[in-house]
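K.L.:
Coordinates in structure.cif, mmCIF, C-alpha atoms, are listed below.
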```cif
data_query
#
loop_
_atom_site.label_atom_id
_atom_site.label_comp_id
_atom_site.auth_asym_id
_atom_site.auth_seq_id
_atom_site.Cartn_x
_atom_site.Cartn_y
_atom_site.Cartn_z
CA MET X 1241 -124.57 -8.84 117.13
CA THR X 1242 -122.76 -5.89 115.49
CA GLU X 1243 -123.81 -5.32 111.92
CA GLU X 1244 -120.98 -5.21 109.40
CA ARG X 1245 -121.33 -3.14 106.26
CA THR X 1246 -119.53 -3.18 102.94
CA ALA X 1247 -119.64 -0.01 100.84
CA MET X 1248 -118.69 0.15 97.17
CA LEU X 1249 -118.67 2.54 94.21
CA PHE X 1250 -119.96 1.25 90.86
CA CYS X 1251 -119.60 2.85 87.45
CA PRO X 1252 -119.96 0.05 84.87
CA PRO X 1253 -118.09 -1.10 82.92
CA LEU X 1254 -115.28 0.15 85.21
CA PRO X 1255 -114.31 -2.28 87.99
CA PRO X 1256 -116.13 -1.55 91.28
CA LEU X 1257 -114.18 0.01 94.14
CA ARG X 1258 -114.62 -1.13 97.73
CA LEU X 1259 -114.57 1.76 100.22
CA GLY X 1260 -112.58 1.49 103.42
CA THR X 1261 -112.73 3.39 106.68
CA HIS X 1262 -109.14 4.66 106.52
CA GLY X 1263 -108.34 7.60 104.29
CA PRO X 1264 -110.36 9.38 101.58
CA VAL X 1265 -111.06 8.01 98.11
CA ALA X 1266 -110.46 10.57 95.38
CA ILE X 1267 -112.57 10.67 92.21
CA GLY X 1268 -111.27 12.52 89.19
CA ARG X 1269 -109.44 12.58 85.88
CA HIS X 1270 -105.92 12.36 87.32
CA PRO X 1271 -104.35 8.86 87.28
CA SER X 1272 -103.50 9.18 90.99
CA CYS X 1273 -107.19 9.14 91.92
CA GLU X 1274 -108.38 5.91 93.52
CA PHE X 1275 -111.48 6.04 91.29
CA PRO X 1276 -110.31 7.56 87.98
CA LEU X 1277 -112.85 8.90 85.49
CA ARG X 1278 -111.09 9.73 82.23
CA ARG X 1279 -113.58 12.27 80.90
CA ASP X 1280 -113.00 15.82 79.68
CA ASP X 1281 -115.83 17.21 81.83
CA VAL X 1282 -114.31 15.77 85.03
CA SER X 1283 -111.78 17.79 87.05
CA ARG X 1284 -108.36 16.33 87.81
CA ARG X 1285 -109.38 15.83 91.44
CA HIS X 1286 -113.13 16.29 91.29
CA ALA X 1287 -114.52 14.82 94.53
CA GLU X 1288 -113.70 12.65 97.53
CA VAL X 1289 -115.56 10.07 99.59
CA ARG X 1290 -114.59 9.99 103.27
CA PHE X 1291 -115.68 7.80 106.17
CA GLU X 1292 -116.87 10.07 108.99
CA GLN X 1293 -118.90 9.35 112.14
CA GLY X 1294 -120.00 5.90 111.06
CA GLY X 1295 -120.94 6.77 107.48
CA PHE X 1296 -119.61 7.86 104.09
CA VAL X 1297 -119.61 11.51 103.07
CA LEU X 1298 -119.09 12.92 99.56
CA TYR X 1299 -117.06 16.13 99.22
CA ASP X 1300 -116.91 18.32 96.13
CA LEU X 1301 -113.30 19.51 95.67
CA GLU X 1302 -114.25 22.85 94.10
CA SER X 1303 -114.68 21.10 90.77
CA THR X 1304 -115.30 23.07 87.58
CA ASN X 1305 -118.62 21.45 86.66
CA GLY X 1306 -119.84 20.55 90.14
CA THR X 1307 -120.78 17.29 91.82
CA PHE X 1308 -124.39 16.09 91.98
CA VAL X 1309 -126.23 13.44 93.99
CA ASN X 1310 -129.57 12.27 92.58
CA GLY X 1311 -129.73 15.41 90.44
CA GLN X 1312 -129.03 17.86 93.27
CA GLN X 1313 -125.75 19.76 93.35
CA VAL X 1314 -123.52 19.11 96.36
CA GLU X 1315 -122.72 22.28 98.26
CA GLY X 1316 -119.51 21.38 100.05
CA SER X 1317 -120.39 17.88 101.28
CA GLN X 1318 -123.26 15.41 101.52
CA ARG X 1319 -123.75 12.18 103.46
CA LEU X 1320 -124.36 9.23 101.16
CA SER X 1321 -127.22 6.74 101.38
CA PRO X 1322 -127.43 3.29 99.72
CA GLY X 1323 -128.47 3.61 96.09
CA ASP X 1324 -127.40 7.25 95.71
CA ARG X 1325 -126.41 8.20 92.18
CA ILE X 1326 -123.30 10.39 92.13
CA GLU X 1327 -123.08 12.45 88.95
CA ILE X 1328 -119.62 13.71 88.03
CA GLY X 1329 -119.42 15.23 84.57
CA SER X 1330 -121.06 12.80 82.18
CA GLY X 1331 -120.27 9.87 84.49
CA ALA X 1332 -122.69 8.32 86.95
CA ILE X 1333 -121.45 6.38 89.98
CA THR X 1334 -123.73 4.31 92.21
CA PHE X 1335 -122.99 4.18 95.94
CA CYS X 1336 -123.93 0.80 97.42
CA GLU X 1337 -123.79 -0.14 101.08
CA ILE X 1338 -124.54 -3.77 101.94
CA ALA X 1339 -125.28 -5.01 105.44
CA SER X 1340 -124.11 -8.47 106.51
CA THR X 1341 -126.53 -10.65 108.45
CA ALA X 1342 -127.14 -14.29 109.25
CA THR X 1343 -130.42 -14.80 107.41
CA ALA X 1344 -132.31 -13.58 104.37
CA ASP X 1345 -135.93 -14.30 103.48
CA TRP X 1346 -137.25 -13.51 100.00
CA GLY X 1347 -140.62 -12.34 101.27
CA ASP X 1348 -139.52 -10.83 104.56
CA ALA X 1349 -141.05 -7.51 105.54
CA ASP X 1350 -137.54 -6.07 105.81
CA ALA X 1351 -136.60 -7.17 102.30
CA ALA X 1352 -136.24 -3.56 101.16
CA ARG X 1353 -133.07 -3.35 103.28
CA THR X 1354 -130.31 -4.84 101.18
CA ILE X 1355 -128.62 -7.75 102.93
CA VAL X 1356 -125.88 -10.27 102.42
CA CYS X 1357 -126.14 -13.71 103.96
CA GLN X 1358 -122.87 -14.99 105.33
CA ARG X 1359 -122.91 -18.81 105.32
CA PRO X 1360 -120.30 -21.28 106.58
CA ALA X 1361 -117.15 -21.49 104.47
CA GLU X 1362 -118.07 -24.86 102.99
CA THR X 1363 -121.27 -23.51 101.46
CA LYS X 1364 -121.77 -20.92 98.75
CA GLN X 1365 -122.78 -17.35 99.51
CA SER X 1366 -126.30 -16.04 99.01
CA PHE X 1367 -127.36 -12.43 99.02
CA GLY X 1368 -130.35 -10.35 98.11
CA GLY X 1369 -131.95 -6.96 98.40
CA ASP X 1370 -133.55 -4.02 96.65
CA LEU X 1371 -132.52 -2.90 93.15
CA SER X 1372 -133.07 0.72 94.17
CA GLU X 1373 -130.09 0.32 96.49
CA VAL X 1374 -127.96 -2.09 94.44
CA PRO X 1375 -128.70 -1.90 90.68
CA PRO X 1376 -128.39 -5.01 88.50
CA SER X 1377 -125.08 -3.85 87.02
CA ALA X 1378 -123.59 -3.78 90.53
CA VAL X 1379 -125.08 -7.18 91.35
CA PHE X 1380 -123.51 -8.65 88.20
CA GLN X 1381 -120.13 -7.19 89.17
CA LEU X 1382 -120.40 -8.50 92.73
CA ILE X 1383 -121.02 -12.01 91.39
CA GLU X 1384 -118.12 -11.66 88.97
CA MET X 1385 -115.77 -10.40 91.70
CA GLY X 1386 -116.56 -13.41 93.87
CA SER X 1387 -116.34 -15.85 90.94
CA ASN X 1388 -119.67 -17.16 92.25
CA SER X 1389 -121.83 -19.85 90.68
CA GLY X 1390 -125.60 -19.92 91.10
CA ARG X 1391 -128.76 -18.19 89.95
CA LEU X 1392 -129.79 -14.56 90.23
CA ASP X 1393 -133.57 -14.15 90.51
CA ILE X 1394 -135.30 -10.78 90.09
CA VAL X 1395 -138.92 -9.90 90.75
CA SER X 1396 -140.07 -6.53 89.41
CA ALA X 1397 -143.10 -4.85 87.89
CA SER X 1398 -142.08 -6.42 84.57
CA GLY X 1399 -142.32 -9.91 86.05
CA LYS X 1400 -139.75 -12.52 87.00
CA ALA X 1401 -136.28 -12.88 85.49
CA SER X 1402 -133.27 -15.10 86.14
CA VAL X 1403 -129.59 -15.27 85.23
CA TRP X 1404 -127.41 -18.36 85.74
CA PHE X 1405 -123.72 -17.85 86.54
CA GLU X 1406 -120.72 -20.18 86.51
CA ALA X 1407 -117.53 -18.95 88.20
CA GLY X 1408 -118.70 -15.36 87.87
CA ARG X 1409 -119.68 -15.57 84.18
CA PRO X 1410 -123.30 -15.37 82.95
CA ILE X 1411 -124.18 -18.51 80.99
CA HIS X 1412 -127.95 -18.17 80.57
CA ALA X 1413 -130.67 -15.60 81.20
CA GLU X 1414 -134.40 -15.50 80.76
CA THR X 1415 -137.24 -13.06 81.26
CA GLU X 1416 -140.90 -13.48 80.44
CA LYS X 1417 -140.19 -12.22 76.89
CA ARG X 1418 -136.51 -12.87 76.15
CA LEU X 1419 -133.78 -15.51 76.40
CA GLY X 1420 -130.00 -15.46 76.42
CA PHE X 1421 -127.91 -12.33 75.83
CA ASP X 1422 -130.94 -10.12 75.08
CA ALA X 1423 -132.53 -11.20 78.35
CA ALA X 1424 -129.36 -10.35 80.28
CA ILE X 1425 -129.31 -6.87 78.71
CA SER X 1426 -132.93 -6.22 79.68
CA ILE X 1427 -132.23 -7.41 83.24
CA VAL X 1428 -129.34 -4.95 83.56
CA ALA X 1429 -131.77 -2.17 82.59
CA THR X 1430 -134.19 -3.06 85.41
CA SER X 1431 -134.33 -0.21 87.93
CA GLU X 1432 -136.82 -1.41 90.56
CA GLY X 1433 -137.65 -4.67 92.28
CA GLN X 1434 -136.13 -7.31 94.52
CA PHE X 1435 -133.19 -9.58 93.75
CA ARG X 1436 -131.75 -12.72 95.24
CA PHE X 1437 -128.64 -14.70 94.32
CA GLY X 1438 -127.73 -18.12 95.65
CA PRO X 1439 -126.75 -21.70 94.85
CA CYS X 1440 -128.93 -23.49 92.34
CA ASP X 1441 -129.27 -27.22 91.73
CA GLU X 1442 -131.05 -26.54 88.45
CA THR X 1443 -128.75 -26.65 85.41
CA ALA X 1444 -129.17 -24.33 82.42
CA GLU X 1445 -128.27 -24.82 78.78
CA PRO X 1446 -125.66 -22.13 77.95
CA THR X 1447 -127.06 -19.35 75.76
CA ILE X 1448 -124.58 -16.56 76.58
CA GLN X 1449 -120.99 -16.41 75.36
CA ALA X 1450 -120.00 -13.13 76.98
CA SER X 1451 -118.41 -11.84 80.16
CA VAL X 1452 -120.10 -9.55 82.66
CA THR X 1453 -118.07 -6.64 81.24
CA GLU X 1454 -119.29 -7.38 77.71
CA VAL X 1455 -122.90 -7.53 78.89
CA LEU X 1456 -122.54 -4.21 80.74
CA LEU X 1457 -120.79 -2.53 77.79
CA GLU X 1458 -123.63 -3.50 75.46
CA ALA X 1459 -126.22 -2.33 78.00
CA CYS X 1460 -124.40 1.02 78.30
CA ARG X 1461 -124.23 1.34 74.50
CA LEU X 1462 -127.96 0.74 74.10
CA GLU X 1463 -128.72 3.19 76.92
CA ASP X 1464 -126.60 5.87 75.22
CA GLU X 1465 -128.37 5.24 71.90
CA GLU X 1466 -131.76 5.58 73.56
CA ALA X 1467 -130.70 8.78 75.33
CA ARG X 1468 -129.62 10.29 72.00
CA GLY X 1469 -133.03 9.40 70.57
#
```
Could you render the structure as structure tokens?

P.N.:
Amino acid sequence: MTEERTAMLFCPPLPPLRLGTHGPVAIGRHPSCEFPLRRDDVSRRHAEVRFEQGGFVLYDLESTNGTFVNGQQVEGSQRLSPGDRIEIGSGAITFCEIASTATADWGDADAARTIVCQRPAETKQSFGGDLSEVPPSAVFQLIEMGSNSGRLDIVSASGKASVWFEAGRPIHAETEKRLGFDAAISIVATSEGQFRFGPCDETAEPTIQASVTEVLLEACRLEDEEARG
């Protein structure tokens, strides 16, 4: 069976952008760019992502401040791998590439390879993978885009955490130390571990009155505050 892959660019709280195989995707300050970043330290047309020879390649378009991937400056072009962090000016974009498959096991030896489980149309979709390839902010946005209902479970060094969603909106979250909105914020900040989202028969008492965008904005604000010391 041929493996199908879906690639996306994430820069919360901006909407994610799905990458196609036809034509380049421009990143920059100019409104004509497919992925606009309205920042003073970003060139008008700063970089491009192109599909070449079965994969996605990032090109720096002779930008003023350079383009970086995982802290290393791009000299001309660089092939992207799932989980790569593209740094353009003060903006950080995550490249995610998700492979479709027929099954997904939480404890499978191949769990580190991010996968999406395609189920029959009458059932709800489940997916899971590695947070180093698809960060929690991207997972939240994927659930919101699909207007999915179910539970997101995360297992990391900090323990277990869960978020319940209804029609793409978070309604409850819990970690081993927090509940509600604060728990959702701490989950967004998780950088390593495994995640799984799927249907859930277990109901949750609503403790969150916020959209995914509002959760991500608050997480970004707290991250900026921490970075400034």

K.L.:
Have a look at atom CA of Arg1391 of chain X and atom CA of Phe1437 of chain X and let me know their distance in Å, one decimal.

P.N.:
5.6 Å

K.L.:
Env of segment 1299-1305 of chain X: 8 Å cut, atoms = all atoms listed in the file, seq-sep filter 2 positions within chain, self excluded. Answer as a VMD selection string.

P.N.:
chain X and resid 1281 to 1283 1285 to 1290 1297 1307 1314 to 1318 1328 to 1329

K.L.:
Give me a file of those residues, with C-alpha atoms, as a tab-separated table (two decimals), keeping the file's coordinate frame.

P.N.:
```
chain	number	residue	atom	x	y	z
X	1281	ASP	CA	-115.83	17.21	81.83
X	1282	VAL	CA	-114.31	15.77	85.03
X	1283	SER	CA	-111.78	17.79	87.05
X	1285	ARG	CA	-109.38	15.83	91.44
X	1286	HIS	CA	-113.13	16.29	91.29
X	1287	ALA	CA	-114.52	14.82	94.53
X	1288	GLU	CA	-113.70	12.65	97.53
X	1289	VAL	CA	-115.56	10.07	99.59
X	1290	ARG	CA	-114.59	9.99	103.27
X	1297	VAL	CA	-119.61	11.51	103.07
X	1307	THR	CA	-120.78	17.29	91.82
X	1314	VAL	CA	-123.52	19.11	96.36
X	1315	GLU	CA	-122.72	22.28	98.26
X	1316	GLY	CA	-119.51	21.38	100.05
X	1317	SER	CA	-120.39	17.88	101.28
X	1318	GLN	CA	-123.26	15.41	101.52
X	1328	ILE	CA	-119.62	13.71	88.03
X	1329	GLY	CA	-119.42	15.23	84.57
```

K.L.:
So which one's closest to Asn1388 of chain X, X:Trp1404, X:Phe1435, X:Phe1275, X:Phe1421? Using only C-alpha atoms, please.

P.N.:
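Checking each candidate against Asn1388 of chain X, we get X:Trp1404 as the closest.
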
K.L.:
Would you list the residues near (-125.2, 10.8, 94.6) (no more than 7 Å away, in the coordinates of the file, using all atoms listed in the file) as a ChimeraX atom specification?

P.N.:
/X:1308-1310,1320,1324-1327

K.L.:
Any idea what the distance is between atom CA of Thr1415 of chain X and atom CA of Ala1401 of chain X?

P.N.:
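Pair atom CA of Thr1415 of chain X / atom CA of Ala1401 of chain X returns 4.3 Å.
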
K.L.:
Find the residue from X:Gly1368, X:Gly1331, X:Gly1306, X:Gly1260 that sits nearest to Gly1294 of chain X; use all atoms listed in the file when measuring.

P.N.:
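Closest to Gly1294 of chain X of all the choices is X:Gly1260.
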
K.L.:
Hey, which of X:Leu1382, X:Ser1387, X:Ala1429, X:Val1395 ends up closest to Glu1416 of chain X? Count all atoms listed in the file.

P.N.:
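When distances to Glu1416 of chain X are compared using all atoms listed in the file, the smallest one comes from X:Val1395.
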
K.L.:
For atom CA of Leu1254 of chain X and atom CA of Thr1447 of chain X, quote the distance in Å rounded to one decimal.

P.N.:
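Calculated distance between atom CA of Leu1254 of chain X and atom CA of Thr1447 of chain X is 24.7 Å.
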
K.L.:
Selected by the PyMOL selection byres ((chain X and resi 1420) around 12) in the shown coordinates: which residues, as a list in words?

P.N.:
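Here the PyMOL selection byres ((chain X and resi 1420) around 12) matches Ala1401, Ser1402, Val1403, Trp1404, Pro1410, Ile1411, His1412, Ala1413, Glu1414, Thr1415, Glu1416, Lys1417, Arg1418, Leu1419, Phe1421, Asp1422, Ala1423, Ala1424, Ile1425, Ser1426, Ile1427, Ala1444, Glu1445, Pro1446, Thr1447, Ile1448, Gln1449, Ala1450 and Val1455 of chain X.
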
K.L.:
Measuring atom to atom with only C-alpha atoms, identify which of X:Arg1409, X:Gly1390, X:Pro1439, X:Asp1464 is nearest to Ser1330 of chain X.

P.N.:
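Closest to Ser1330 of chain X, using only C-alpha atoms: X:Asp1464.
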
K.L.:
On this structure, which residues satisfy the PyMOL selection byres ((chain X and resi 1453) around 10), written as a ChimeraX atom specification?

P.N.:
/X:1252-1255,1377,1380-1381,1384,1409,1450-1452,1454-1459

K.L.:
Let me make sure I understand: among X:Arg1461, X:Lys1400, X:Arg1278, X:Arg1258, which one has the smallest atom-to-atom distance to Glu1337 of chain X if we use all atoms listed in the file?

P.N.:
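The closest residue to Glu1337 of chain X is X:Arg1258.
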
K.L.:
Give me, as a list in words, all polymer residues having an atom no more than 6 Å from Leu1371 of chain X, counting all atoms listed in the file and skipping those fewer than 2 positions away in the same chain.

P.N.:
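Once the nearby chain positions are removed, what remains is Glu1373, Val1374, Pro1375, Glu1432, Gly1433 and Gln1434 of chain X.
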
K.L.:
Grab the residues selected above and save them as a PDB file, in the frame of the given file with C-alpha atoms.

P.N.:
```pdb
ATOM      1  CA  GLU X1373    -130.090   0.320  96.490  1.00  0.00           C
ATOM      2  CA  VAL X1374    -127.960  -2.090  94.440  1.00  0.00           C
ATOM      3  CA  PRO X1375    -128.700  -1.900  90.680  1.00  0.00           C
ATOM      4  CA  GLU X1432    -136.820  -1.410  90.560  1.00  0.00           C
ATOM      5  CA  GLY X1433    -137.650  -4.670  92.280  1.00  0.00           C
ATOM      6  CA  GLN X1434    -136.130  -7.310  94.520  1.00  0.00           C
TER       7      GLN X1434
END
```

K.L.:
I'd like to know which of X:Ala1407, X:Arg1468, X:Ser1396, X:Phe1367 is closest to Arg1436 of chain X, using all atoms listed in the file.

P.N.:
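Of X:Ala1407, X:Arg1468, X:Ser1396, X:Phe1367, the one nearest Arg1436 of chain X, counting all atoms listed in the file, is X:Phe1367.
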
K.L.:
Find the axis-aligned box for segment 1276-1285 of chain X, covering all its listed atoms and adding 3 Å on each side, and write its centre and edge lengths in Å to one decimal as JSON.

P.N.:
```
{"center_x": -112.1, "center_y": 12.7, "center_z": 85.6, "size_x": 13.5, "size_y": 16.2, "size_z": 17.8}
```

K.L.:
Could you tell me, as a PyMOL selection string, which residues have any atom at most 6 Å from (-111.2, 12.5, 91.0), counting only C-alpha atoms?

P.N.:
chain X and resi 1266-1269+1273+1276+1284-1287
